[in-house]
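Q: Got a file for you: structure15.pdb, PDB, C-alpha atoms, pLDDT in the B column.
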ATOM      1  CA  MET A 761      -8.643 -10.239  -9.941  1.00 59.00           C
ATOM      2  CA  THR A 762      -4.886  -9.790  -9.732  1.00 71.00           C
ATOM      3  CA  LYS A 763      -3.447  -6.395 -10.575  1.00 81.00           C
ATOM      4  CA  GLN A 764      -0.105  -6.181 -12.337  1.00 87.00           C
ATOM      5  CA  ILE A 765       2.117  -3.274 -11.285  1.00 92.00           C
ATOM      6  CA  THR A 766       5.502  -2.708 -12.875  1.00 94.00           C
ATOM      7  CA  ILE A 767       7.803  -0.357 -10.973  1.00 95.00           C
ATOM      8  CA  LEU A 768      10.362   1.343 -13.223  1.00 97.00           C
ATOM      9  CA  ILE A 769      13.452   2.641 -11.398  1.00 97.00           C
ATOM     10  CA  GLY A 770      15.618   5.590 -12.466  1.00 96.00           C
ATOM     11  CA  THR A 771      18.480   6.041  -9.997  1.00 95.00           C
ATOM     12  CA  MET A 772      22.139   6.867  -9.561  1.00 91.00           C
ATOM     13  CA  THR A 773      22.733   6.503  -5.817  1.00 89.00           C
ATOM     14  CA  GLY A 774      20.130   3.834  -5.060  1.00 91.00           C
ATOM     15  CA  ASN A 775      17.485   5.937  -3.289  1.00 93.00           C
ATOM     16  CA  ALA A 776      14.838   5.294  -5.945  1.00 95.00           C
ATOM     17  CA  GLN A 777      15.773   1.594  -5.829  1.00 95.00           C
ATOM     18  CA  LEU A 778      15.091   1.544  -2.063  1.00 94.00           C
ATOM     19  CA  VAL A 779      11.699   3.141  -2.651  1.00 95.00           C
ATOM     20  CA  GLY A 780      10.864   0.557  -5.320  1.00 94.00           C
ATOM     21  CA  GLN A 781      11.899  -2.343  -3.095  1.00 94.00           C
ATOM     22  CA  GLU A 782       9.824  -1.022  -0.185  1.00 92.00           C
ATOM     23  CA  LEU A 783       6.753  -0.697  -2.395  1.00 93.00           C
ATOM     24  CA  GLU A 784       7.307  -4.136  -3.913  1.00 92.00           C
ATOM     25  CA  LEU A 785       7.317  -5.629  -0.412  1.00 90.00           C
ATOM     26  CA  ARG A 786       4.145  -3.741   0.518  1.00 88.00           C
ATOM     27  CA  PHE A 787       2.244  -4.496  -2.685  1.00 87.00           C
ATOM     28  CA  ASP A 788       3.231  -8.103  -3.252  1.00 79.00           C
ATOM     29  CA  GLY A 789       0.594 -10.607  -2.258  1.00 73.00           C
ATOM     30  CA  GLU A 790      -2.557  -8.551  -1.738  1.00 70.00           C
ATOM     31  CA  GLY A 791      -3.997  -9.423  -5.138  1.00 80.00           C
ATOM     32  CA  ILE A 792      -1.115  -7.572  -6.727  1.00 86.00           C
ATOM     33  CA  GLN A 793       1.685  -8.968  -8.834  1.00 88.00           C
ATOM     34  CA  VAL A 794       4.726  -6.686  -8.763  1.00 90.00           C
ATOM     35  CA  GLU A 795       7.808  -6.496 -10.909  1.00 91.00           C
ATOM     36  CA  THR A 796      10.574  -3.955 -10.270  1.00 93.00           C
ATOM     37  CA  VAL A 797      12.738  -3.089 -13.275  1.00 95.00           C
ATOM     38  CA  ASP A 798      15.767  -0.799 -13.510  1.00 95.00           C
ATOM     39  CA  MET A 799      15.560   1.546 -16.495  1.00 96.00           C
ATOM     40  CA  ASP A 800      19.104   0.644 -17.630  1.00 94.00           C
ATOM     41  CA  LYS A 801      18.280  -1.226 -20.833  1.00 89.00           C
ATOM     42  CA  LEU A 802      14.583  -0.470 -21.213  1.00 94.00           C
ATOM     43  CA  THR A 803      12.876   0.366 -24.475  1.00 93.00           C
ATOM     44  CA  PRO A 804       9.328   1.639 -25.009  1.00 94.00           C
ATOM     45  CA  ASP A 805       8.344  -2.035 -25.486  1.00 93.00           C
ATOM     46  CA  ILE A 806       8.145  -2.315 -21.674  1.00 94.00           C
ATOM     47  CA  PHE A 807       4.717  -0.698 -22.068  1.00 92.00           C
ATOM     48  CA  GLY A 808       3.519  -3.545 -24.284  1.00 79.00           C
ATOM     49  CA  SER A 809       1.184  -5.115 -21.759  1.00 70.00           C
ATOM     50  CA  ASP A 810      -1.812  -3.825 -19.910  1.00 72.00           C
ATOM     51  CA  GLY A 811      -1.290  -3.149 -16.280  1.00 77.00           C
ATOM     52  CA  ILE A 812      -0.196  -0.236 -14.182  1.00 92.00           C
ATOM     53  CA  TYR A 813       3.243   1.291 -14.148  1.00 96.00           C
ATOM     54  CA  LEU A 814       4.871   3.200 -11.332  1.00 96.00           C
ATOM     55  CA  ILE A 815       7.792   5.407 -12.314  1.00 97.00           C
ATOM     56  CA  CYS A 816      10.192   6.069  -9.451  1.00 97.00           C
ATOM     57  CA  THR A 817      13.026   8.374 -10.409  1.00 96.00           C
ATOM     58  CA  SER A 818      15.464  10.827  -8.944  1.00 94.00           C
ATOM     59  CA  THR A 819      16.792  14.060 -10.466  1.00 92.00           C
ATOM     60  CA  TYR A 820      20.440  14.847 -11.185  1.00 90.00           C
ATOM     61  CA  GLY A 821      22.599  17.633 -12.552  1.00 85.00           C
ATOM     62  CA  GLN A 822      20.607  20.504 -13.995  1.00 86.00           C
ATOM     63  CA  GLY A 823      17.241  18.765 -13.538  1.00 88.00           C
ATOM     64  CA  ASP A 824      18.122  15.707 -15.616  1.00 92.00           C
ATOM     65  CA  VAL A 825      16.886  12.147 -15.346  1.00 94.00           C
ATOM     66  CA  PRO A 826      19.458   9.738 -13.846  1.00 94.00           C
ATOM     67  CA  ASP A 827      22.073   8.227 -16.154  1.00 94.00           C
ATOM     68  CA  ASN A 828      20.372   4.820 -16.147  1.00 95.00           C
ATOM     69  CA  ALA A 829      17.117   6.408 -17.405  1.00 96.00           C
ATOM     70  CA  ARG A 830      18.555   8.679 -20.085  1.00 96.00           C
ATOM     71  CA  ALA A 831      18.489   6.240 -23.035  1.00 96.00           C
ATOM     72  CA  PHE A 832      14.974   5.104 -22.071  1.00 97.00           C
ATOM     73  CA  ILE A 833      13.469   8.601 -21.972  1.00 97.00           C
ATOM     74  CA  GLU A 834      15.280   9.544 -25.187  1.00 96.00           C
ATOM     75  CA  SER A 835      13.804   6.483 -26.924  1.00 96.00           C
ATOM     76  CA  LEU A 836      10.310   7.468 -25.726  1.00 97.00           C
ATOM     77  CA  ILE A 837      10.822  10.991 -27.078  1.00 97.00           C
ATOM     78  CA  SER A 838      12.160   9.838 -30.465  1.00 97.00           C
ATOM     79  CA  SER A 839       9.728   6.961 -31.107  1.00 96.00           C
ATOM     80  CA  LYS A 840       6.605   8.579 -29.560  1.00 96.00           C
ATOM     81  CA  PRO A 841       4.829   5.220 -28.972  1.00 95.00           C
ATOM     82  CA  ASN A 842       1.057   5.173 -28.622  1.00 94.00           C
ATOM     83  CA  LEU A 843       0.547   4.708 -24.870  1.00 94.00           C
ATOM     84  CA  LYS A 844      -3.194   5.510 -24.724  1.00 92.00           C
ATOM     85  CA  LYS A 845      -3.883   2.234 -22.889  1.00 90.00           C
ATOM     86  CA  ILE A 846      -1.140   2.828 -20.319  1.00 93.00           C
ATOM     87  CA  ARG A 847      -1.825   4.096 -16.806  1.00 94.00           C
ATOM     88  CA  TYR A 848       0.919   5.120 -14.434  1.00 97.00           C
ATOM     89  CA  GLY A 849       1.834   6.714 -11.140  1.00 97.00           C
ATOM     90  CA  LEU A 850       4.910   8.768 -10.462  1.00 98.00           C
ATOM     91  CA  ILE A 851       7.296   9.187  -7.554  1.00 97.00           C
ATOM     92  CA  ALA A 852       9.869  11.933  -8.086  1.00 96.00           C
ATOM     93  CA  LEU A 853      12.845  12.328  -5.775  1.00 95.00           C
ATOM     94  CA  GLY A 854      14.526  15.699  -5.514  1.00 93.00           C
ATOM     95  CA  ASP A 855      15.909  18.336  -3.188  1.00 92.00           C
ATOM     96  CA  ARG A 856      14.210  21.711  -2.696  1.00 88.00           C
ATOM     97  CA  THR A 857      17.637  23.245  -2.116  1.00 88.00           C
ATOM     98  CA  TYR A 858      17.711  23.183  -5.934  1.00 85.00           C
ATOM     99  CA  ALA A 859      14.388  25.001  -6.288  1.00 85.00           C
ATOM    100  CA  GLU A 860      14.692  25.704 -10.010  1.00 90.00           C
ATOM    101  CA  THR A 861      15.063  22.010 -10.896  1.00 90.00           C
ATOM    102  CA  PHE A 862      13.216  20.331  -7.983  1.00 93.00           C
ATOM    103  CA  CYS A 863      12.003  16.860  -9.063  1.00 94.00           C
ATOM    104  CA  PHE A 864      12.541  17.665 -12.755  1.00 95.00           C
ATOM    105  CA  GLY A 865      13.572  14.049 -13.483  1.00 94.00           C
ATOM    106  CA  GLY A 866      10.105  12.862 -12.506  1.00 95.00           C
ATOM    107  CA  LYS A 867       8.361  15.860 -14.071  1.00 96.00           C
ATOM    108  CA  ARG A 868      10.157  15.107 -17.345  1.00 96.00           C
ATOM    109  CA  PHE A 869       8.890  11.519 -17.362  1.00 97.00           C
ATOM    110  CA  ASP A 870       5.377  12.768 -16.622  1.00 97.00           C
ATOM    111  CA  GLU A 871       5.517  15.190 -19.550  1.00 97.00           C
ATOM    112  CA  VAL A 872       6.881  12.603 -22.002  1.00 97.00           C
ATOM    113  CA  LEU A 873       4.422   9.870 -20.995  1.00 97.00           C
ATOM    114  CA  GLN A 874       1.468  12.236 -21.340  1.00 97.00           C
ATOM    115  CA  GLU A 875       2.724  13.370 -24.771  1.00 97.00           C
ATOM    116  CA  CYS A 876       2.575   9.671 -25.740  1.00 96.00           C
ATOM    117  CA  GLY A 877      -1.030   9.433 -24.530  1.00 95.00           C
ATOM    118  CA  ALA A 878      -0.510   7.665 -21.190  1.00 95.00           C
ATOM    119  CA  GLU A 879      -2.802   8.599 -18.299  1.00 94.00           C
ATOM    120  CA  ARG A 880      -1.401   9.397 -14.866  1.00 96.00           C
ATOM    121  CA  ILE A 881      -3.333   8.082 -11.892  1.00 96.00           C
ATOM    122  CA  GLY A 882      -3.271  10.496  -8.968  1.00 96.00           C
ATOM    123  CA  ASP A 883      -0.839  13.257  -8.135  1.00 96.00           C
ATOM    124  CA  ILE A 884       2.922  12.989  -8.379  1.00 96.00           C
ATOM    125  CA  LEU A 885       4.639  12.271  -5.080  1.00 95.00           C
ATOM    126  CA  MET A 886       7.513  14.753  -4.940  1.00 95.00           C
ATOM    127  CA  HIS A 887       9.881  13.823  -2.132  1.00 94.00           C
ATOM    128  CA  ASP A 888      12.205  16.504  -0.820  1.00 91.00           C
ATOM    129  CA  ALA A 889      15.559  15.091   0.344  1.00 92.00           C
ATOM    130  CA  SER A 890      16.108  18.147   2.549  1.00 90.00           C
ATOM    131  CA  SER A 891      12.830  17.536   4.448  1.00 91.00           C
ATOM    132  CA  GLY A 892      14.334  14.980   6.826  1.00 88.00           C
ATOM    133  CA  THR A 893      11.794  12.281   5.874  1.00 89.00           C
ATOM    134  CA  MET A 894      12.788   8.966   4.332  1.00 91.00           C
ATOM    135  CA  PRO A 895      11.586   8.661   0.716  1.00 93.00           C
ATOM    136  CA  GLU A 896      10.574   5.009   1.126  1.00 92.00           C
ATOM    137  CA  GLU A 897       8.382   5.857   4.155  1.00 92.00           C
ATOM    138  CA  GLU A 898       6.729   8.769   2.385  1.00 94.00           C
ATOM    139  CA  ALA A 899       6.192   6.606  -0.700  1.00 94.00           C
ATOM    140  CA  ALA A 900       4.636   3.829   1.392  1.00 92.00           C
ATOM    141  CA  ASP A 901       2.131   6.295   2.893  1.00 93.00           C
ATOM    142  CA  TRP A 902       1.364   7.822  -0.530  1.00 95.00           C
ATOM    143  CA  SER A 903       0.955   4.410  -2.157  1.00 93.00           C
ATOM    144  CA  GLU A 904      -2.085   3.480  -0.045  1.00 91.00           C
ATOM    145  CA  GLY A 905      -4.208   6.246  -1.577  1.00 93.00           C
ATOM    146  CA  TRP A 906      -2.657   5.645  -4.975  1.00 94.00           C
ATOM    147  CA  LEU A 907      -3.643   1.957  -4.920  1.00 91.00           C
ATOM    148  CA  GLU A 908      -7.225   2.934  -4.064  1.00 91.00           C
ATOM    149  CA  LEU A 909      -7.276   5.282  -7.061  1.00 92.00           C
ATOM    150  CA  CYS A 910      -5.893   2.468  -9.239  1.00 90.00           C
ATOM    151  CA  ASP A 911      -8.706   0.176  -8.073  1.00 86.00           C
ATOM    152  CA  ARG A 912     -11.331   2.792  -8.965  1.00 87.00           C
ATOM    153  CA  VAL A 913      -9.827   3.459 -12.381  1.00 83.00           C
ATOM    154  CA  MET A 914      -9.439  -0.225 -13.221  1.00 79.00           C
ATOM    155  CA  SER A 915     -12.962  -1.146 -12.081  1.00 78.00           C
ATOM    156  CA  ALA A 916     -14.374   1.678 -14.239  1.00 73.00           C
ATOM    157  CA  ASP A 917     -12.847   0.056 -17.353  1.00 69.00           C
TER     158      ASP A 917
END
Would you mind writing the file's structure down as structure tokens?

A:
Amino acid sequence: MTKQITILIGTMTGNAQLVGQELELRFDGEGIQVETVDMDKLTPDIFGSDGIYLICTSTYGQGDVPDNARAFIESLISSKPNLKKIRYGLIALGDRTYAETFCFGGKRFDEVLQECGAERIGDILMHDASSGTMPEEEAADWSEGWLELCDRVMSAD
């Protein structure tokens, strides 16, 4: 059975895009169909189909989502779609130098999606830019366990 994973990218400098591309390369082929989509012009309708979603977003300013994700998250907040059938994972990029707002872009998406009834699979990967590790490498390592959790959740349905 082929799994469908849609990776949604919120970025300003391209780091989240690099993470998404790395994961698309890793996932594609092994019984997984992958689509990577920038959040630029997304609406809540992106969640119309079954499947698994992976949110990959950075944090900017005072703990805000990136500019290309702002309209999307605002539309989720205002329309409050019923996402009870939606399952997702989350990769949040941030910098611990900004301790008070570390990974708030990703945390904000997590909060909004759960308010809409979506179910997160696994823990949030919170990458720290000041750690010296590459976010795409850390995400690749994290994704192995995450995919196993996805398999368990999907086979339980």

Q: Near segment 908-911 of chain A, within 12 Å and counting all atoms listed in the file, which residues show up once chain neighbours fewer than 6 positions away are dropped, as a PyMOL selection string?

A: chain A and resi 761-765+791-792+811-814+847-849+879-883+902+917

Q: Compile the contact shell of Asp855 of chain A as a compact mmCIF listing (two decimals) with C-alpha atoms, keeping the file's coordinate frame: residues with an atom at most 8 Å away, counting only C-alpha atoms, same-chain residues fewer than 5 positions apart removed.

A:
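Just written: out_5.txt:
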# COMPACT_ATOMS: atom_id res chain seq x y z
CA PHE A 862 13.22 20.33 -7.98
CA CYS A 863 12.00 16.86 -9.06
CA HIS A 887 9.88 13.82 -2.13
CA ASP A 888 12.20 16.50 -0.82
CA ALA A 889 15.56 15.09 0.34
CA SER A 890 16.11 18.15 2.55

Q: List every residue of segment 771-811 of chain A that has an atom at most 8 Å from any atom of segment 831-834 of chain A, and for each one report the closest atom pair and its distance in Å to one decimal, counting all atoms listed in the file, with rows sorted by chain and then by increasing residue number, as a tab-separated table.

A:
residue	atom	partner	partner_atom	distance
A:Met799	CA	A:Phe832	CA	6.6
A:Asp800	CA	A:Phe832	CA	7.5
A:Lys801	CA	A:Phe832	CA	7.2
A:Leu802	CA	A:Phe832	CA	5.7
A:Thr803	CA	A:Phe832	CA	5.7
A:Pro804	CA	A:Phe832	CA	7.2

Q: Each side padded by 3 Å, which centre and which edge lengths in Å (one decimal) define the axis-aligned box around the listed atoms of segment 805-820 of chain A? Give them as JSON.

A:
{"center_x": 9.3, "center_y": 4.9, "center_z": -17.2, "size_x": 28.3, "size_y": 26.0, "size_z": 22.5}

Q: By how many Å are atom CA of Leu843 of chain A and atom CA of Gly808 of chain A apart?

A: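 Distance reported for this atom pair: 8.8 Å.
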
Q: Evaluate the PyMOL selection byres ((chain A and resi 794) around 8) against this structure - the residues, as a ChimeraX atom specification, please.

A: /A:764-767,784,787-788,792-793,795-796

Q: Nearest to Val872 of chain A among A:Glu782, A:Asp827, A:Ser838, A:Ala900, with distances taken over all atoms listed in the file: which residue is it?

A: A:Ser838

Q: Could you tell me how far atom CA of Pro826 of chain A sits from atom CA of Thr773 of chain A, in Å to one decimal place?

A: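 Distance reported for this atom pair: 9.3 Å.
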
Q: Using all atoms listed in the file, which of A:Gly821, A:Lys844, A:Ile815, A:Thr771 sits nearest Leu885 of chain A?

A: A:Ile815

Q: At what distance in Å, to one decimal, does atom CA of Leu783 of chain A lie from atom CA of Glu875 of chain A?

A: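 If I compute the distance from atom CA of Glu875 of chain A to atom CA of Leu783 of chain A, I get 26.7 Å.
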
Q: Out of A:Gly774, A:Gly789, A:Gly780, A:Pro841, which residue has the shortest atom-to-atom distance to Ile806 of chain A when counting all atoms listed in the file?

A: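 Nearest candidate to Ile806 of chain A out of A:Gly774, A:Gly789, A:Gly780, A:Pro841: A:Pro841.
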
Q: Would you please work out which residue, of A:Cys816, A:Leu873, A:Met886, A:Ala899, is nearest to Lys840 of chain A when using all atoms listed in the file?

A: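 Among the listed residues, the smallest separation from Lys840 of chain A belongs to A:Leu873.
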
Q: Of the candidates A:Leu907, A:Arg912, A:Leu853, A:Cys876, which one gets nearest to Ser891 of chain A if we count only C-alpha atoms?

A: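 Looking at the shortest contact to Ser891 of chain A, the residue is A:Leu853.
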
Q: The PyMOL selection byres ((chain A and resi 819) around 7) on the file shown: which residues, as number ranges by chain?

A: A: 817-818, 820, 823-826, 853-854, 863-865
